[in-house]
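What follows is the content of entry-v4.txt, which has compact mmCIF, C-alpha atoms and all ligand atoms:
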# COMPACT_ATOMS: atom_id res chain seq x y z
CA MET A 1 -87.68 -41.11 195.43
CA LYS A 2 -85.01 -42.30 193.03
CA THR A 3 -87.71 -43.61 190.65
CA ILE A 4 -89.68 -40.34 190.80
CA LEU A 5 -86.55 -38.35 189.99
CA THR A 6 -85.73 -40.61 187.08
CA GLN A 7 -89.27 -40.29 185.73
CA SER A 8 -89.37 -36.52 186.01
CA ARG A 9 -85.95 -36.33 184.41
CA LYS A 10 -87.21 -38.48 181.53
CA THR A 11 -90.25 -36.23 181.16
CA ALA A 12 -88.02 -33.14 181.19
CA ILE A 13 -85.76 -34.63 178.55
CA ALA A 14 -88.77 -35.63 176.44
CA LEU A 15 -90.22 -32.13 176.78
CA LEU A 16 -86.88 -30.60 175.83
CA LEU A 17 -86.66 -32.85 172.80
CA LEU A 18 -90.20 -31.89 171.78
CA VAL A 19 -89.48 -28.19 172.16
CA SER A 20 -86.23 -28.42 170.24
CA SER A 21 -87.78 -30.55 167.51
CA ILE A 22 -90.62 -28.00 167.10
CA GLY A 23 -88.03 -25.22 167.16
CA PHE A 24 -85.98 -27.02 164.56
CA SER A 25 -88.84 -27.80 162.23
CA GLN A 26 -90.15 -24.24 162.62
CA THR A 27 -86.73 -22.80 161.78
CA LYS A 28 -87.15 -22.82 158.02
CA LYS A 29 -83.95 -23.66 156.16
CA LEU A 30 -82.66 -20.28 155.03
CA PRO A 31 -81.96 -19.68 151.33
CA ASN A 32 -78.34 -19.17 150.26
CA ILE A 33 -77.85 -15.79 148.62
CA VAL A 34 -74.60 -14.46 147.18
CA ILE A 35 -74.17 -10.67 147.09
CA LEU A 36 -71.90 -9.49 144.28
CA ALA A 37 -70.72 -5.96 144.98
CA THR A 38 -69.64 -3.56 142.24
CA GLY A 39 -69.54 -0.20 144.09
CA GLY A 40 -71.79 2.80 143.48
CA THR A 41 -73.31 5.32 145.86
CA ILE A 42 -74.66 2.52 148.06
CA ALA A 43 -70.99 1.89 148.86
CA GLY A 44 -70.19 5.60 148.82
CA ALA A 45 -68.88 7.76 151.65
CA GLY A 46 -68.70 11.50 152.21
CA ALA A 47 -67.13 13.75 154.82
CA SER A 48 -70.46 14.94 156.22
CA SER A 49 -73.96 13.46 156.53
CA THR A 50 -75.62 16.61 155.18
CA GLU A 51 -73.39 17.59 152.27
CA SER A 52 -74.03 16.36 148.76
CA SER A 53 -70.41 15.56 147.88
CA TYR A 54 -69.12 12.01 148.31
CA THR A 55 -67.10 9.32 146.53
CA SER A 56 -68.69 6.14 145.15
CA GLY A 57 -67.35 2.67 145.94
CA LYS A 58 -65.61 3.24 149.29
CA VAL A 59 -67.39 0.72 151.54
CA THR A 60 -66.76 -3.04 151.24
CA ILE A 61 -69.57 -5.58 150.87
CA ASP A 62 -68.96 -7.07 154.32
CA ALA A 63 -69.32 -3.64 155.96
CA MET A 64 -72.50 -3.04 153.93
CA ILE A 65 -74.08 -6.33 155.07
CA ASP A 66 -73.11 -5.65 158.70
CA ALA A 67 -74.87 -2.27 158.50
CA VAL A 68 -78.28 -3.89 157.81
CA PRO A 69 -80.16 -5.07 160.93
CA ASN A 70 -81.71 -8.56 160.75
CA ILE A 71 -80.57 -9.20 157.17
CA ARG A 72 -78.90 -12.46 158.18
CA LYS A 73 -82.21 -13.72 159.58
CA MET A 74 -83.62 -13.85 156.02
CA ALA A 75 -80.84 -15.71 154.27
CA ASN A 76 -77.40 -17.23 154.55
CA LEU A 77 -75.34 -14.48 152.94
CA ARG A 78 -71.95 -14.48 151.33
CA GLY A 79 -70.42 -11.38 149.72
CA GLU A 80 -67.99 -11.12 146.80
CA GLN A 81 -66.37 -7.87 145.71
CA VAL A 82 -66.45 -7.98 141.89
CA ALA A 83 -65.52 -4.31 141.43
CA ASN A 84 -65.71 -1.13 143.50
CA VAL A 85 -66.43 1.72 141.09
CA GLY A 86 -68.97 4.43 140.44
CA SER A 87 -71.17 2.90 137.76
CA GLN A 88 -70.20 5.68 135.35
CA ASP A 89 -67.06 3.49 135.06
CA MET A 90 -68.94 0.24 134.48
CA SER A 91 -67.45 -1.63 131.53
CA VAL A 92 -68.13 -4.47 129.11
CA LYS A 93 -65.33 -6.37 130.83
CA VAL A 94 -67.09 -6.21 134.21
CA TRP A 95 -70.37 -7.22 132.51
CA LEU A 96 -68.72 -10.30 131.01
CA ASP A 97 -66.99 -11.22 134.30
CA LEU A 98 -70.21 -10.68 136.24
CA THR A 99 -72.22 -12.85 133.85
CA LYS A 100 -69.74 -15.71 134.00
CA ARG A 101 -69.70 -15.59 137.80
CA ILE A 102 -73.51 -15.44 138.07
CA ASN A 103 -74.00 -18.35 135.66
CA GLU A 104 -71.37 -20.35 137.55
CA LEU A 105 -73.00 -19.67 140.94
CA LEU A 106 -76.59 -20.25 139.84
CA ALA A 107 -75.66 -23.55 138.17
CA THR A 108 -74.89 -24.99 141.63
CA ALA A 109 -77.69 -26.37 143.80
CA GLU A 110 -76.37 -24.47 146.85
CA VAL A 111 -77.04 -20.96 145.52
CA ASP A 112 -80.68 -19.87 145.52
CA GLY A 113 -80.33 -16.30 144.30
CA ILE A 114 -78.01 -13.38 143.59
CA VAL A 115 -78.06 -9.76 144.69
CA ILE A 116 -75.82 -7.23 142.92
CA THR A 117 -75.05 -3.90 144.53
CA HIS A 118 -74.45 -1.35 141.78
CA GLY A 119 -74.31 2.38 141.14
CA THR A 120 -77.55 3.81 139.81
CA ASP A 121 -76.15 5.73 136.81
CA THR A 122 -75.81 2.68 134.56
CA GLN A 123 -77.80 0.19 136.62
CA GLU A 124 -80.49 -0.23 133.97
CA GLU A 125 -77.80 -1.11 131.38
CA THR A 126 -76.20 -3.78 133.57
CA ALA A 127 -79.61 -5.16 134.55
CA PHE A 128 -80.73 -5.35 130.92
CA PHE A 129 -77.43 -6.92 129.81
CA LEU A 130 -77.72 -9.62 132.50
CA ASN A 131 -81.39 -10.13 131.62
CA LEU A 132 -80.24 -11.20 128.15
CA VAL A 133 -77.34 -13.49 129.10
CA VAL A 134 -77.96 -15.04 132.55
CA LYS A 135 -79.00 -18.66 132.05
CA SER A 136 -81.17 -19.40 135.06
CA ASP A 137 -84.68 -18.83 136.40
CA LYS A 138 -83.35 -18.20 139.90
CA PRO A 139 -83.71 -14.58 141.05
CA VAL A 140 -81.03 -12.04 140.17
CA VAL A 141 -81.68 -8.66 141.81
CA LEU A 142 -79.80 -5.39 141.40
CA THR A 143 -79.97 -2.66 143.98
CA GLY A 144 -78.21 0.57 144.88
CA SER A 145 -78.98 3.86 146.52
CA MET A 146 -79.17 7.54 145.73
CA ARG A 147 -77.67 8.62 149.04
CA PRO A 148 -74.23 7.50 150.18
CA SER A 149 -73.83 5.32 153.26
CA THR A 150 -72.75 8.31 155.36
CA ALA A 151 -75.77 10.50 154.45
CA LEU A 152 -78.69 11.44 156.65
CA SER A 153 -81.52 8.99 155.79
CA ALA A 154 -79.28 6.85 153.60
CA GLU A 155 -81.67 4.42 151.89
CA GLY A 156 -79.03 1.84 150.92
CA PRO A 157 -79.51 -0.47 153.95
CA LEU A 158 -83.28 -0.82 153.38
CA ASN A 159 -82.77 -1.29 149.63
CA LEU A 160 -80.23 -4.05 150.35
CA TYR A 161 -82.58 -5.65 152.89
CA ASN A 162 -85.42 -5.61 150.36
CA ALA A 163 -83.20 -6.90 147.54
CA VAL A 164 -82.16 -9.88 149.70
CA ALA A 165 -85.86 -10.45 150.54
CA VAL A 166 -86.75 -10.58 146.84
CA ALA A 167 -83.78 -12.84 145.99
CA SER A 168 -84.78 -15.15 148.89
CA SER A 169 -88.47 -15.38 148.04
CA PRO A 170 -89.68 -18.62 146.41
CA ASP A 171 -92.13 -16.41 144.44
CA SER A 172 -89.31 -14.60 142.63
CA LYS A 173 -88.33 -17.32 140.16
CA GLY A 174 -88.88 -16.69 136.46
CA TYR A 175 -89.23 -12.89 136.51
CA GLY A 176 -85.90 -12.29 134.76
CA VAL A 177 -83.35 -9.89 136.21
CA MET A 178 -84.92 -7.33 138.56
CA VAL A 179 -84.07 -3.94 140.04
CA VAL A 180 -85.19 -3.33 143.64
CA MET A 181 -85.14 0.27 144.86
CA ASN A 182 -87.41 2.45 146.95
CA ASP A 183 -89.84 -0.38 147.89
CA GLU A 184 -90.48 -1.28 144.23
CA ILE A 185 -89.51 -4.25 142.05
CA HIS A 186 -88.80 -3.37 138.43
CA SER A 187 -88.03 -5.65 135.50
CA ALA A 188 -84.73 -5.13 133.72
CA HIS A 189 -86.77 -4.79 130.53
CA GLY A 190 -88.93 -1.92 131.76
CA VAL A 191 -86.78 0.00 134.21
CA LYS A 192 -85.33 3.44 133.46
CA LYS A 193 -83.47 5.95 135.61
CA MET A 194 -85.77 8.96 135.33
CA MET A 195 -84.38 11.51 137.79
CA THR A 196 -80.92 12.80 138.67
CA THR A 197 -80.95 12.54 142.48
CA PRO A 198 -84.37 11.73 144.04
CA VAL A 199 -84.78 8.29 145.67
CA GLN A 200 -87.76 7.49 143.40
CA THR A 201 -85.51 7.72 140.33
CA PHE A 202 -86.14 4.17 139.05
CA GLN A 203 -89.41 3.82 137.21
CA SER A 204 -90.90 1.61 134.52
CA PRO A 205 -92.98 4.20 132.69
CA GLU A 206 -94.38 1.84 130.04
CA GLU A 207 -95.09 -1.34 132.01
CA GLY A 208 -95.06 -0.15 135.65
CA PRO A 209 -93.25 -1.87 138.53
CA ILE A 210 -93.67 -5.67 138.48
CA GLY A 211 -94.04 -5.79 142.26
CA SER A 212 -93.44 -4.21 145.62
CA VAL A 213 -91.30 -5.06 148.64
CA ILE A 214 -92.12 -3.39 151.94
CA PHE A 215 -89.71 -4.17 154.79
CA GLY A 216 -89.03 -7.54 153.16
CA GLN A 217 -92.68 -8.35 152.31
CA VAL A 218 -92.62 -9.34 148.63
CA THR A 219 -95.65 -9.01 146.31
CA PHE A 220 -95.60 -9.51 142.55
CA PHE A 221 -98.17 -7.80 140.31
CA HIS A 222 -97.36 -9.09 136.82
CA LYS A 223 -94.61 -10.46 134.60
CA SER A 224 -92.56 -8.22 132.36
CA TYR A 225 -92.68 -8.15 128.59
CA GLY A 226 -89.91 -9.67 126.46
CA LYS A 227 -87.69 -12.73 126.40
CA ASN A 228 -85.21 -12.95 129.25
CA THR A 229 -82.69 -15.21 131.02
CA SER A 230 -83.56 -18.84 130.20
CA SER A 231 -85.78 -17.86 127.26
CA SER A 232 -83.12 -15.52 125.79
CA ALA A 233 -81.01 -16.80 122.90
CA PHE A 234 -78.05 -14.56 123.76
CA THR A 235 -74.91 -15.90 125.39
CA VAL A 236 -71.52 -14.56 126.43
CA GLU A 237 -69.95 -18.00 125.94
CA GLY A 238 -66.52 -17.48 124.33
CA LEU A 239 -66.83 -13.67 124.22
CA LYS A 240 -63.93 -11.48 125.37
CA GLU A 241 -65.40 -8.22 124.09
CA LEU A 242 -68.49 -6.85 122.34
CA PRO A 243 -68.77 -5.02 119.02
CA ARG A 244 -68.47 -1.25 119.27
CA VAL A 245 -71.82 0.53 119.25
CA ASP A 246 -71.98 4.33 119.64
CA ILE A 247 -74.85 6.66 120.50
CA PHE A 248 -75.59 9.80 118.49
CA TYR A 249 -77.65 12.43 120.33
CA ALA A 250 -80.02 14.23 117.96
CA CYS A 251 -81.05 17.86 118.48
CA ALA A 252 -81.98 20.96 116.47
CA ASP A 253 -79.30 21.55 113.82
CA ALA A 254 -77.32 18.45 114.93
CA SER A 255 -73.78 17.98 113.56
CA ALA A 256 -74.29 15.00 111.25
CA ASP A 257 -70.57 14.52 110.64
CA LEU A 258 -70.36 12.89 114.08
CA ILE A 259 -72.21 9.92 112.54
CA ASP A 260 -69.61 9.69 109.75
CA TYR A 261 -66.91 9.83 112.42
CA MET A 262 -68.47 6.90 114.32
CA VAL A 263 -68.40 4.82 111.14
CA LYS A 264 -64.76 5.80 110.49
CA ALA A 265 -63.83 4.98 114.08
CA GLY A 266 -65.02 1.40 113.58
CA ALA A 267 -68.52 1.34 115.07
CA LYS A 268 -70.41 -1.78 113.98
CA GLY A 269 -73.64 -0.23 115.19
CA ILE A 270 -75.03 3.23 115.95
CA VAL A 271 -78.01 4.08 118.13
CA ILE A 272 -79.69 7.38 117.39
CA ALA A 273 -81.04 9.10 120.51
CA GLY A 274 -83.58 10.70 118.23
CA VAL A 275 -85.83 13.68 118.76
CA GLY A 276 -89.50 12.72 119.27
CA ASP A 277 -90.37 9.43 117.63
CA GLY A 278 -86.73 8.51 116.87
CA ASN A 279 -86.42 11.37 114.44
CA MET A 280 -83.43 13.47 113.28
CA ASN A 281 -82.59 16.36 110.96
CA ALA A 282 -82.17 15.84 107.21
CA SER A 283 -78.35 15.90 107.25
CA SER A 284 -78.23 13.30 110.03
CA LEU A 285 -80.67 11.13 108.08
CA GLU A 286 -78.37 11.31 105.04
CA ALA A 287 -75.40 10.35 107.26
CA VAL A 288 -77.44 7.42 108.58
CA LYS A 289 -78.12 6.31 105.00
CA ARG A 290 -74.37 6.41 104.27
CA ALA A 291 -73.72 4.40 107.46
CA THR A 292 -76.27 1.66 106.70
CA LYS A 293 -75.03 1.45 103.09
CA ALA A 294 -71.54 0.86 104.53
CA GLY A 295 -72.95 -2.07 106.55
CA VAL A 296 -73.23 -0.33 109.93
CA LYS A 297 -76.46 -1.22 111.73
CA VAL A 298 -78.45 1.80 112.88
CA VAL A 299 -81.19 1.68 115.52
CA ARG A 300 -83.55 4.59 116.09
CA ALA A 301 -84.35 5.20 119.77
CA SER A 302 -85.54 8.43 121.35
CA ARG A 303 -84.15 11.04 123.72
CA VAL A 304 -87.75 11.39 124.98
CA PRO A 305 -87.87 9.27 128.17
CA VAL A 306 -91.21 7.51 127.66
CA GLY A 307 -92.84 5.58 124.81
CA ALA A 308 -91.98 3.31 121.91
CA VAL A 309 -90.44 4.42 118.60
CA LEU A 310 -92.80 3.46 115.79
CA ILE A 311 -91.59 1.27 112.95
CA LYS A 312 -92.16 3.41 109.82
CA GLY A 313 -93.31 6.57 111.54
CA GLU A 314 -92.11 9.82 109.98
CA ILE A 315 -89.01 7.90 108.88
CA ASN A 316 -89.35 4.98 106.48
CA ASP A 317 -87.01 2.41 108.07
CA GLU A 318 -86.78 0.32 104.90
CA GLU A 319 -85.62 3.33 102.87
CA TYR A 320 -82.90 4.30 105.35
CA GLY A 321 -81.95 0.78 106.44
CA THR A 322 -82.80 1.56 110.06
CA VAL A 323 -84.41 -0.38 112.89
CA SER A 324 -86.76 0.88 115.61
CA SER A 325 -85.67 0.34 119.23
CA ASP A 326 -89.30 -0.30 120.21
CA GLU A 327 -89.50 1.06 123.79
CA HIS A 328 -85.83 0.78 124.70
CA ASN A 329 -84.08 4.02 125.49
CA PRO A 330 -80.77 4.68 123.68
CA GLN A 331 -78.53 3.17 126.38
CA LYS A 332 -80.54 -0.05 126.60
CA ALA A 333 -80.91 -0.23 122.81
CA ARG A 334 -77.10 -0.06 122.67
CA VAL A 335 -76.81 -3.08 125.01
CA LEU A 336 -79.18 -5.14 122.88
CA LEU A 337 -77.49 -4.08 119.64
CA MET A 338 -74.02 -4.96 120.98
CA LEU A 339 -75.20 -8.46 121.86
CA ALA A 340 -77.18 -8.86 118.62
CA LEU A 341 -74.12 -7.89 116.56
CA THR A 342 -72.04 -10.73 118.00
CA LYS A 343 -73.55 -12.55 114.98
CA GLU A 344 -74.18 -11.48 111.38
CA ARG A 345 -77.79 -10.19 111.22
CA SER A 346 -79.98 -8.64 108.55
CA ARG A 347 -81.99 -5.48 109.21
CA ALA A 348 -85.16 -7.62 109.40
CA ASP A 349 -83.56 -9.98 111.94
CA LEU A 350 -82.52 -7.02 114.07
CA GLN A 351 -86.00 -5.50 113.96
CA GLN A 352 -87.46 -8.83 115.09
CA ILE A 353 -84.96 -8.94 117.97
CA PHE A 354 -85.96 -5.45 119.10
CA ILE A 355 -89.61 -6.52 119.06
CA GLU A 356 -89.00 -9.77 120.97
CA TYR A 357 -86.59 -8.50 123.63
N1 LIG B 1 -72.41 7.85 140.26
C1 LIG B 1 -73.05 6.90 141.11
C2 LIG B 1 -72.95 5.54 140.45
O1 LIG B 1 -73.66 5.29 139.52
C3 LIG B 1 -74.44 7.29 141.38
C4 LIG B 1 -75.23 6.30 142.22
O2 LIG B 1 -74.85 5.19 142.49
O3 LIG B 1 -76.35 6.68 142.61
O4 LIG B 1 -72.17 4.75 140.87

I'd like the structure from this file rewritten - as structure tokens, please.
Amino acid sequence: MKTILTQSRKTAIALLLLVSSIGFSQTKKLPNIVILATGGTIAGAGASSTESSYTSGKVTIDAMIDAVPNIRKMANLRGEQVANVGSQDMSVKVWLDLTKRINELLATAEVDGIVITHGTDTQEETAFFLNLVVKSDKPVVLTGSMRPSTALSAEGPLNLYNAVAVASSPDSKGYGVMVVMNDEIHSAHGVKKMMTTPVQTFQSPEEGPIGSVIFGQVTFFHKSYGKNTSSSAFTVEGLKELPRVDIFYACADASADLIDYMVKAGAKGIVIAGVGDGNMNASSLEAVKRATKAGVKVVRASRVPVGAVLIKGEINDEEYGTVSSDEHNPQKARVLLMLALTKERSRADLQQIFIEY
């Protein structure tokens, strides 16, 4: 009897060990993802779930993670509150701090990817900035939401879930910085905010989304155009600020003296949000000529949301000393110009940069 008991006990222990060893080997080691929170509507709160008014940046990152069911089953998560603002108040200082922190974290073997929660108003600018200065192939994913956390059908929790899925996926390496919203993955190079309030606001009208993510199921379609992250030559090493670059919005009968004012105020660069193909009225063009003669670098972008600005279209760039933004909208052209002007560059060098990035 004693022997039988001992044998069955041994069998039970062996079975237990087998089960737990299968369980252990089947429990894939989870990736380590750091969520850097900056505020925005995803962290916003309002008094009622059906009113449109709310304040951005009210909810902390820990509360946001806790609001997402099953998110901790995908990854080991750690949150850091970098800022808590509406992204209309995003600044160069936060960009520099964010970059340093991301580069620091991704340089360690323990961190597999980064998610950044961010307001949508300037999300494409932050994404594009990071795309140029993050020095790693590991995934960096920005997300946000159009509806505050207190709203009926708030989409922030699913966006955060999907962003963590993309940052955790082994397939996500080498795509540069990405924006994940509304089940789509966009490259920082291609993404633009196209609508004021609808949840499908982020689109990549020229290159399309680079992938999709449906309840955490990640699929990539293609790589984005342009140098990014580890292939980018730009760095924030040693930088405390960036050169001033202003945006001039062209329109019928535009007040060209605003361009002269920008030069007087110390702008090192000016981006023209041009009409049509980066165009502007004759008096603005003359003001641009004065600016470029004074050594200020001028990039022609367009206020039209989709399409590239042609080099030497209606405007002869060589004659006016201007550069085409290629397909970057004015706000993203400004980001690239600010970084490009951290070094002395000729007009030709700048044009090459706008083609390559
Ligand atoms: N103003 C908000 C922000 O950019 C809008 C949003 O997040 O959707 O922070």

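Pocket residues of ligand LIG 1 (chain B), taken as those with any atom at most 7 Å away using only C-alpha atoms and all ligand atoms, are Gly39, Gly40, Thr41, Ile42, Ser56, Val85, Gly86, Ser87, Gln88, His118, Gly119, Thr120, Asp121, Thr122, Gly144, Ser145, Met146 and Arg147 of chain A.
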
Considering all atoms listed in the file, return as a ChimeraX atom specification whatever protein or nucleic-acid residues lie within 12 Å of A:Val166, sequence-local ones (same chain, fewer than 3 positions apart) excluded. /A:31,33,74-75,112-115,138-143,159-163,169-173,175,177-181,183-186,210-220

Among listed residues A:Ala287, A:Ala154, A:Leu98, A:Val164, nearest A:Val134 (using only C-alpha atoms):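 That would be A:Leu98, the residue with the smallest distance to A:Val134.
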
One decimal, Å: what's the distance from atom CA of A:Ala43 over to atom CA of A:Ala127, could you say? 18.1 Å

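The interatomic distance for the pair atom CA of A:Pro243 and atom CA of A:Pro205 works out to 29.3 Å.
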
List as a list in words the protein and nucleic acid residues near A:Glu125, meaning an atom at most 7 Å away when all atoms listed in the file are counted, but skip any in the same chain fewer than 5 places from it. Gln331, Lys332 and Val335 of chain A

Grab the atom CA of A:Val323 to atom CA of A:Val191 distance for me, in Å with one decimal place. 21.5 Å

Which is closer to A:Gly307 than all the others in A:Lys192, A:Val199, A:Val271, A:Phe248, using only C-alpha atoms?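 Of the candidates, the smallest distance to A:Gly307 is held by A:Lys192.
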
Could you tell me which of A:Thr150, A:Asp246, A:Asn281, A:Gln123 comes closest to A:Lys58 if we count only C-alpha atoms?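 The shortest atom-to-atom distance to A:Lys58 comes from A:Thr150.
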
Can you work out which one of A:Asn279, A:Ser255, A:Thr126, A:Thr342 has the shortest atom-to-atom distance to A:Trp95, counting only C-alpha atoms?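 The closest residue to A:Trp95 is A:Thr126.
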
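Considering only C-alpha atoms, the residue among A:Pro157, A:Gly321, A:Gly190, A:Gly313 positioned nearest to A:Leu285 is A:Gly321.
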